[in-house]
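Asker: See entry.txt below, with compact mmCIF, C-alpha atoms.
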```
# COMPACT_ATOMS: atom_id res chain seq x y z
CA MET A 1 0.00 0.00 0.00
CA SER A 2 1.34 3.42 -0.89
CA ALA A 3 1.86 6.04 1.81
CA PRO A 4 1.28 3.65 4.75
CA HIS A 5 2.06 6.38 7.27
CA THR A 6 -1.01 8.24 6.01
CA THR A 7 -3.49 5.46 5.33
CA ASP A 8 -2.68 3.21 8.28
CA GLY A 9 -3.54 5.90 10.83
CA ALA A 10 -6.79 6.74 9.04
CA ILE A 11 -7.80 3.08 8.87
CA ALA A 12 -7.06 2.61 12.57
CA ARG A 13 -9.38 5.54 13.37
CA VAL A 14 -12.14 4.05 11.23
CA THR A 15 -11.81 0.67 12.97
CA ALA A 16 -12.00 2.32 16.40
CA PHE A 17 -14.98 4.40 15.29
CA TYR A 18 -17.03 1.40 14.18
CA ASP A 19 -15.93 -0.87 17.02
CA ALA A 20 -17.69 1.61 19.33
CA HIS A 21 -20.62 2.50 17.06
CA PRO A 22 -24.14 2.57 18.60
CA ILE A 23 -25.47 0.37 15.79
CA ASN A 24 -23.73 -2.99 16.16
CA GLU A 25 -24.51 -6.69 16.15
CA GLU A 26 -25.20 -6.83 19.88
CA GLN A 27 -27.57 -3.85 19.69
CA ILE A 28 -29.47 -5.40 16.76
CA LEU A 29 -29.89 -8.71 18.59
CA HIS A 30 -30.88 -6.93 21.82
CA THR A 31 -33.59 -4.99 19.97
CA LEU A 32 -34.94 -8.15 18.35
CA ARG A 33 -35.14 -9.90 21.74
CA ALA A 34 -36.75 -6.87 23.37
CA ARG A 35 -39.50 -7.00 20.75
CA GLY A 36 -40.05 -10.70 21.22
CA ILE A 37 -38.64 -11.64 17.82
CA ALA A 38 -36.96 -15.05 17.79
CA LEU A 39 -33.74 -15.60 15.84
CA GLU A 40 -34.91 -19.03 14.77
CA GLY A 41 -36.71 -18.58 11.50
CA LEU A 42 -35.83 -14.87 11.32
CA SER A 43 -36.52 -13.49 7.84
CA GLU A 44 -34.75 -10.80 5.85
CA GLU A 45 -38.02 -8.86 5.75
CA THR A 46 -37.94 -8.61 9.55
CA LEU A 47 -34.18 -8.10 10.01
CA GLN A 48 -34.08 -5.24 7.49
CA GLU A 49 -36.05 -3.09 9.92
CA PHE A 50 -33.05 -3.11 12.28
CA ASP A 51 -29.82 -3.57 10.29
CA GLN A 52 -29.78 -0.70 7.75
CA ASP A 53 -27.03 1.58 9.06
CA HIS A 54 -27.11 4.18 6.30
CA PHE A 55 -29.15 7.25 5.42
CA GLY A 56 -32.58 6.47 3.99
CA GLY A 57 -32.72 2.78 4.96
CA THR A 58 -34.33 0.30 2.58
CA ALA A 59 -35.73 3.05 0.34
CA ALA A 60 -32.16 4.16 -0.38
CA ASN A 61 -31.22 0.54 -1.17
CA GLU A 62 -34.06 0.35 -3.66
CA VAL A 63 -33.07 3.54 -5.47
CA LEU A 64 -29.42 2.46 -5.69
CA ALA A 65 -30.27 -1.05 -6.87
CA ARG A 66 -32.56 0.16 -9.63
CA ALA A 67 -30.09 2.83 -10.70
CA ALA A 68 -27.41 0.14 -10.98
CA GLY A 69 -29.70 -2.23 -12.91
CA MET A 70 -29.43 -5.05 -10.37
CA ARG A 71 -31.00 -8.35 -11.37
CA ALA A 72 -30.62 -12.07 -10.79
CA ARG A 73 -27.18 -13.62 -11.23
CA LEU A 74 -25.27 -10.34 -11.43
CA ARG A 75 -22.11 -10.22 -9.32
CA VAL A 76 -22.28 -7.24 -6.95
CA LEU A 77 -19.54 -5.84 -4.69
CA ASP A 78 -20.57 -3.69 -1.72
CA VAL A 79 -17.50 -1.66 -0.77
CA CYS A 80 -17.36 -0.81 2.95
CA SER A 81 -20.33 -3.09 3.61
CA GLY A 82 -20.54 -2.70 7.40
CA MET A 83 -23.14 -4.92 9.07
CA GLY A 84 -24.24 -6.21 5.67
CA GLY A 85 -27.80 -4.85 5.62
CA PRO A 86 -27.74 -3.57 2.02
CA ALA A 87 -25.92 -6.68 0.75
CA ARG A 88 -28.64 -8.92 2.19
CA TYR A 89 -31.35 -6.65 0.80
CA PHE A 90 -29.91 -6.71 -2.74
CA ALA A 91 -29.56 -10.49 -2.73
CA HIS A 92 -33.01 -11.13 -1.27
CA TYR A 93 -35.00 -8.81 -3.52
CA PHE A 94 -32.97 -8.88 -6.74
CA GLY A 95 -31.44 -12.36 -6.66
CA CYS A 96 -27.91 -11.12 -7.32
CA ARG A 97 -24.75 -12.64 -5.83
CA VAL A 98 -23.29 -10.10 -3.40
CA THR A 99 -19.87 -9.83 -1.80
CA GLY A 100 -19.35 -7.32 0.99
CA LEU A 101 -15.88 -5.87 1.63
CA ASP A 102 -15.10 -4.21 4.96
CA PHE A 103 -11.94 -3.51 6.96
CA THR A 104 -13.51 -3.46 10.45
CA TYR A 105 -13.23 -7.03 11.71
CA THR A 106 -16.12 -6.81 14.19
CA ARG A 107 -18.48 -5.71 11.44
CA PHE A 108 -17.15 -8.33 9.03
CA LEU A 109 -17.91 -11.04 11.63
CA GLY A 110 -21.29 -9.56 12.57
CA ALA A 111 -22.33 -9.33 8.92
CA GLN A 112 -21.50 -13.00 8.38
CA ARG A 113 -23.46 -14.13 11.43
CA LEU A 114 -26.55 -12.07 10.64
CA THR A 115 -26.51 -13.33 7.07
CA ARG A 116 -26.44 -16.95 8.25
CA VAL A 117 -29.33 -16.26 10.65
CA VAL A 118 -31.63 -15.21 7.79
CA GLY A 119 -30.40 -17.98 5.48
CA LEU A 120 -28.83 -15.79 2.80
CA ASP A 121 -25.27 -17.10 3.01
CA HIS A 122 -25.78 -18.97 -0.29
CA LEU A 123 -26.07 -15.58 -2.04
CA VAL A 124 -24.07 -13.24 0.21
CA ASP A 125 -20.50 -13.54 1.44
CA PHE A 126 -18.14 -11.11 3.13
CA CYS A 127 -14.46 -10.41 2.80
CA HIS A 128 -12.28 -8.75 5.44
CA GLY A 129 -10.10 -6.43 3.40
CA ASN A 130 -8.94 -2.96 2.42
CA ALA A 131 -10.87 -0.98 -0.21
CA LEU A 132 -7.55 0.50 -1.36
CA GLU A 133 -6.11 -2.96 -2.03
CA MET A 134 -9.11 -5.06 -3.01
CA PRO A 135 -8.36 -8.80 -2.90
CA PHE A 136 -10.17 -9.48 -6.18
CA PRO A 137 -8.94 -9.99 -9.76
CA ASP A 138 -9.66 -7.45 -12.47
CA ALA A 139 -13.20 -7.53 -13.92
CA SER A 140 -14.63 -9.65 -11.08
CA PHE A 141 -17.98 -7.83 -10.65
CA ASP A 142 -20.84 -6.50 -12.75
CA VAL A 143 -21.81 -3.83 -10.20
CA VAL A 144 -19.94 -1.99 -7.44
CA VAL A 145 -21.94 -0.12 -4.80
CA GLY A 146 -21.35 1.86 -1.62
CA GLN A 147 -23.52 3.87 0.77
CA GLU A 148 -22.02 6.90 2.52
CA ALA A 149 -19.03 4.96 3.85
CA TRP A 150 -16.33 6.06 1.42
CA CYS A 151 -15.93 9.25 3.45
CA HIS A 152 -13.83 7.05 5.77
CA VAL A 153 -11.39 5.98 3.04
CA PRO A 154 -8.25 8.14 2.96
CA ASP A 155 -7.23 7.92 -0.71
CA LYS A 156 -10.27 8.67 -2.88
CA PRO A 157 -8.48 8.50 -6.28
CA ARG A 158 -7.12 5.06 -5.44
CA LEU A 159 -10.49 3.94 -4.08
CA VAL A 160 -12.35 4.88 -7.26
CA ALA A 161 -9.59 3.36 -9.40
CA GLU A 162 -9.88 0.07 -7.46
CA CYS A 163 -13.66 0.07 -7.91
CA ALA A 164 -13.19 0.54 -11.66
CA ARG A 165 -10.49 -2.12 -11.81
CA VAL A 166 -12.70 -4.88 -10.39
CA LEU A 167 -15.64 -3.95 -12.68
CA VAL A 168 -16.23 -5.70 -15.99
CA PRO A 169 -16.24 -3.40 -19.05
CA GLY A 170 -19.73 -1.94 -19.21
CA GLY A 171 -20.22 -2.57 -15.49
CA VAL A 172 -21.86 -0.01 -13.20
CA ILE A 173 -20.56 1.78 -10.14
CA ALA A 174 -23.36 3.30 -8.04
CA PHE A 175 -22.77 4.93 -4.68
CA THR A 176 -23.66 7.67 -2.25
CA ASP A 177 -21.27 9.55 0.00
CA ILE A 178 -20.89 12.38 2.47
CA LEU A 179 -19.50 15.46 0.69
CA ARG A 180 -17.99 18.86 1.32
CA ARG A 181 -20.14 21.78 0.20
CA GLU A 182 -18.86 24.93 1.89
CA SER A 183 -15.31 25.45 3.10
CA LEU A 184 -14.66 23.83 6.45
CA ASP A 185 -12.27 25.64 8.76
CA GLU A 186 -9.22 23.92 10.25
CA GLU A 187 -10.91 23.18 13.56
CA GLU A 188 -13.97 21.62 11.90
CA THR A 189 -11.81 19.55 9.56
CA ALA A 190 -9.63 18.33 12.42
CA ARG A 191 -12.66 17.43 14.50
CA LEU A 192 -14.24 15.45 11.64
CA GLN A 193 -10.96 13.59 11.16
CA ARG A 194 -10.54 12.89 14.87
CA GLU A 195 -14.11 12.14 15.95
CA MET A 196 -15.93 10.96 12.80
CA ALA A 197 -12.90 9.26 11.17
CA PHE A 198 -13.23 11.29 7.96
CA PRO A 199 -9.66 11.59 6.62
CA SER A 200 -10.92 13.64 3.67
CA LEU A 201 -14.19 14.48 1.96
CA GLU A 202 -14.88 14.81 -1.75
CA THR A 203 -17.29 17.13 -3.58
CA LEU A 204 -19.90 16.49 -6.28
CA ASP A 205 -17.50 17.71 -8.95
CA GLY A 206 -14.56 15.92 -7.35
CA TYR A 207 -16.13 12.48 -7.55
CA ALA A 208 -17.28 13.15 -11.12
CA ALA A 209 -13.69 13.93 -12.08
CA LEU A 210 -12.33 10.83 -10.31
CA LEU A 211 -14.82 8.58 -12.09
CA ALA A 212 -13.85 10.05 -15.46
CA ALA A 213 -10.16 9.62 -14.66
CA SER A 214 -10.79 5.94 -13.87
CA GLY A 215 -12.41 5.26 -17.23
CA CYS A 216 -16.05 5.60 -16.23
CA THR A 217 -18.80 7.63 -17.89
CA LEU A 218 -21.03 9.46 -15.43
CA GLU A 219 -24.70 8.67 -16.07
CA ARG A 220 -26.31 10.22 -13.02
CA ARG A 221 -25.30 12.70 -10.31
CA GLU A 222 -27.72 13.87 -7.64
CA ASP A 223 -27.30 16.35 -4.82
CA LEU A 224 -28.89 14.76 -1.73
CA SER A 225 -27.83 17.49 0.72
CA GLU A 226 -31.26 18.84 1.63
CA GLU A 227 -32.78 15.35 1.95
CA TRP A 228 -29.93 14.18 4.19
CA ALA A 229 -30.13 17.28 6.37
CA ARG A 230 -33.68 16.23 7.25
CA ILE A 231 -32.77 12.57 7.67
CA LEU A 232 -29.88 13.36 10.00
CA VAL A 233 -32.06 15.27 12.46
CA ALA A 234 -34.14 12.11 12.86
CA ARG A 235 -31.01 9.96 12.95
CA LEU A 236 -29.60 11.95 15.86
CA ALA A 237 -32.85 11.39 17.73
CA MET A 238 -32.61 7.66 16.95
CA TYR A 239 -29.08 7.44 18.35
CA ARG A 240 -30.23 9.26 21.48
CA SER A 241 -33.02 6.69 21.88
CA LEU A 242 -30.26 4.03 22.13
CA GLU A 243 -28.69 5.69 25.16
CA SER A 244 -29.29 2.80 27.55
CA GLU A 245 -27.84 0.18 25.17
CA THR A 246 -24.87 2.38 24.33
CA VAL A 247 -24.12 3.13 27.99
CA HIS A 248 -24.43 -0.57 28.85
CA LYS A 249 -21.92 -1.60 26.18
CA PHE A 250 -19.50 1.37 26.10
CA GLY A 251 -20.16 3.49 29.21
CA THR A 252 -21.71 6.89 29.93
CA ALA A 253 -18.68 8.91 28.90
CA HIS A 254 -18.66 7.28 25.47
CA PHE A 255 -22.34 7.99 24.93
CA GLN A 256 -21.84 11.64 25.87
CA ARG A 257 -18.86 11.97 23.52
CA TRP A 258 -20.80 10.32 20.70
CA ASP A 259 -23.82 12.54 21.26
CA ASP A 260 -21.68 15.67 21.18
CA THR A 261 -19.85 14.51 18.05
CA TYR A 262 -22.97 13.55 16.14
CA ALA A 263 -24.76 16.76 17.07
CA PHE A 264 -21.75 18.66 15.68
CA PHE A 265 -21.86 16.56 12.48
CA VAL A 266 -25.61 17.10 12.00
CA GLY A 267 -25.13 20.82 12.61
CA LEU A 268 -22.75 21.03 9.63
CA TYR A 269 -25.59 19.81 7.42
CA GLY A 270 -27.92 22.38 8.92
CA THR A 271 -25.53 25.18 7.94
CA GLY A 272 -24.93 23.76 4.45
CA ARG A 273 -21.25 23.00 5.02
CA LEU A 274 -21.67 19.27 4.50
CA GLY A 275 -23.89 17.52 1.99
CA GLY A 276 -24.40 14.29 0.14
CA GLY A 277 -24.51 12.92 -3.36
CA ARG A 278 -25.52 9.89 -5.39
CA PHE A 279 -23.44 8.86 -8.40
CA VAL A 280 -24.03 6.29 -11.13
CA ALA A 281 -21.32 5.66 -13.73
CA ARG A 282 -20.51 2.99 -16.30
CA LYS A 283 -17.04 1.61 -17.03
CA ARG A 284 -16.06 2.31 -20.59
```
Let me see the structure of the file written as C-alpha cells.

Answerer:
Amino acid sequence: MSAPHTTDGAIARVTAFYDAHPINEEQILHTLRARGIALEGLSEETLQEFDQDHFGGTAANEVLARAAGMRARLRVLDVCSGMGGPARYFAHYFGCRVTGLDFTYTRFLGAQRLTRVVGLDHLVDFCHGNALEMPFPDASFDVVVGQEAWCHVPDKPRLVAECARVLVPGGVIAFTDILRRESLDEEETARLQREMAFPSLETLDGYAALLAASGCTLERREDLSEEWARILVARLAMYRSLESETVHKFGTAHFQRWDDTYAFFVGLYGTGRLGGGRFVARKR
C-alpha cells in the first residue's frame, strides 16, 4: 500500500470508530429480543427493519439497486459493507450474488453471522479487506456499490480506481457519499478527522472527475444534501433513543462523547457546510 504512514492511521481511526458505534450486532440482537422476535426462522423482511445503518434505509437501497440495474445472477460488490444490511437486501429482492468488503473485523464477523441467521449465506459472502487494495482480480464484478461509507477511506483517487479495476467493461458503479459543500475551517476539519474518522471528503464535482479519470462515464449525479439534512435530524434522535444500550456496552462517557460529536456533524448539514450525493457511472 502506498503512503502507509497516512493510510494506516486513518484506517485505525475508522476501525476504532465502528468498534464503538451505537449500531452494532449486539444492539441489533438486543432490539430483536426486546420485541419478542426469535432468531430461529428470522426473515430478511424482519431483520431489514433493524440492520440498515445508512441514510434512507431500505428506500435508499431500492433507489441504488434500480439505478445500478441489479438483477438475478449479477455479481455485486458492496465496498465498505458494514453490518451487511444492504448486501442482504440486494440479494433477497434482486437475486444477485453479493460480496461485501469491509476492513472493520467486528463488522465483518457480525455481517456474516446475521446473514447466516436469515439464510442468505448462499447468495451473500463477506471479505475482510482494504478498499484501497481489493483482494479481487480485475473484472470480477458487474456492479460496485457503496452507501455513505467512502468518506472514511483516505485515498479517494485510489479507491475509485480500485472500484473501476474490479468492474467488468460496461459494469456499473453506483454509490452515495458524504460530501464537502462549503469550506470547512481547520478546527472543523480536524474534528471530523478525529471524531468521525473522515480523513478527507470529496465534492460532487470531485467524484465526477475521479470517475472520469478511472475510465467511467457518469450517467447520473444527484445532490442529496437537503434530503440528508432532514434525515440526519431524525437519525440523531434515533441514536439518542439508544442511550441505555450504548451506555451498557460502552459506558456513559462514550455515549456523551458520541452525542456531542454527532450533534456537531448534524449541525454542519444544517448550515450547508456538508452535503451528500448519489453517483451512477458505467465503465467504458

Asker: Which residues are close to Leu211 in chain A, i.e. within 12 Å by all atoms listed in the file, leaving aside same-chain residues fewer than 2 positions away? Reply as a count of residues only.

Answerer: 35

Asker: Considering all atoms listed in the file, can you say which of A:Gly129, A:Leu274, A:Glu49, A:Arg257 comes closest to Leu232 in chain A?

Answerer: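 Going through A:Gly129, A:Leu274, A:Glu49, A:Arg257 one by one, the smallest distance to Leu232 in chain A is for A:Leu274.
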
Asker: So the first atom is CA of Ile178 in chain A and the second is CA of Tyr239 in chain A; what is the distance between them in Å, to one decimal place?

Answerer: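 Computing it gives 18.5 Å between the two atoms.
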
Asker: Do you have the CA of Ser43 in chain A-CA of Gly85 in chain A distance handy?

Answerer: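 Separating CA of Ser43 in chain A from CA of Gly85 in chain A is a distance of 12.5 Å.
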
Asker: Could you tell me how far CA of Gly95 in chain A lies from CA of Val145 in chain A, in Å and to one decimal?

Answerer: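 Atom-to-atom, CA of Gly95 in chain A and CA of Val145 in chain A are spaced 15.6 Å apart.
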
Asker: What would the list of residues within 8 Å of (-27.3, 20.4, 2.4) (file frame) look like as a list of chain:residue names, if all atoms listed in the file are what count?

Answerer: A:Arg181, A:Leu224, A:Ser225, A:Glu226, A:Glu227, A:Trp228, A:Ala229, A:Tyr269, A:Gly270, A:Thr271, A:Gly272, A:Arg273, A:Leu274, A:Gly275, A:Gly276

Asker: Since we have the selection now, will you write its residues out, keeping C-alpha atoms, as an mmCIF file, in the coordinates of the input?

Answerer:
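Written file, selection_20.cif:
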```
data_model
loop_
_atom_site.group_PDB
_atom_site.id
_atom_site.type_symbol
_atom_site.label_atom_id
_atom_site.label_comp_id
_atom_site.auth_asym_id
_atom_site.auth_seq_id
_atom_site.Cartn_x
_atom_site.Cartn_y
_atom_site.Cartn_z
ATOM 1 C CA ARG A 181 -20.140 21.780 0.200
ATOM 2 C CA LEU A 224 -28.890 14.760 -1.730
ATOM 3 C CA SER A 225 -27.830 17.490 0.720
ATOM 4 C CA GLU A 226 -31.260 18.840 1.630
ATOM 5 C CA GLU A 227 -32.780 15.350 1.950
ATOM 6 C CA TRP A 228 -29.930 14.180 4.190
ATOM 7 C CA ALA A 229 -30.130 17.280 6.370
ATOM 8 C CA TYR A 269 -25.590 19.810 7.420
ATOM 9 C CA GLY A 270 -27.920 22.380 8.920
ATOM 10 C CA THR A 271 -25.530 25.180 7.940
ATOM 11 C CA GLY A 272 -24.930 23.760 4.450
ATOM 12 C CA ARG A 273 -21.250 23.000 5.020
ATOM 13 C CA LEU A 274 -21.670 19.270 4.500
ATOM 14 C CA GLY A 275 -23.890 17.520 1.990
ATOM 15 C CA GLY A 276 -24.400 14.290 0.140
#
```

Asker: So that I can check the surroundings of Phe198 in chain A, please list as a PyMOL selection string every protein, DNA and RNA residue that reaches within 6 Å of it, counting all atoms listed in the file and ignoring chain neighbours fewer than 6 positions away.

Answerer: chain A and resi 151-152+192

Asker: Quick one: everything within 12 Å of His254 in chain A, counting all atoms listed in the file, minus sequence neighbours fewer than 4 positions away in the same chain. Send it as a ChimeraX atom specification.

Answerer: /A:17,20-22,195,243-250,258-261

Asker: Please identify all polymer residues lying at most 12 Å from the point (-20.1, -6.0, 7.7) (file coordinates), using only C-alpha atoms, and present the result as a PyMOL selection string.

Answerer: chain A and resi 15+18-19+23-25+51-53+78-88+99-115+124-129+149

Asker: Using only C-alpha atoms, which protein or nucleic acid residues come within 12 Å of Glu62 in chain A? Drop anything in the same chain fewer than 6 positions from it, and give the result as an MDAnalysis selection string.

Answerer: chainID A and resid 56 68:70 86:87 89:94 147 174

Asker: Can you work out which one of A:Val144, A:Ala16, A:Ala139, A:Ala34 has the shortest atom-to-atom distance to Ala67 in chain A, counting all atoms listed in the file?

Answerer: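 Looking only at the distances to Ala67 in chain A, the closest residue turns out to be A:Val144.
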
Asker: Find, counting only C-alpha atoms, the residue in A:Val117, A:Leu47, A:Leu77, A:Val153 that gets nearest to Asn130 in chain A.

Answerer: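 That would be A:Val153, the residue with the smallest distance to Asn130 in chain A.
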
Asker: Counting all atoms listed in the file, what is within 12 Å of Thr189 in chain A, bar same-chain residues fewer than 6 positions away, as number ranges by chain?

Answerer: A: 180, 182-183, 195-201, 264-265, 268, 273-274

Asker: Go through A:Val98, A:Arg66, A:Ala237, A:Leu242 one by one, measure the shortest atom-to-atom distance of each to Thr31 in chain A using all atoms listed in the file, and give the residue with the smallest value.

Answerer: A:Leu242
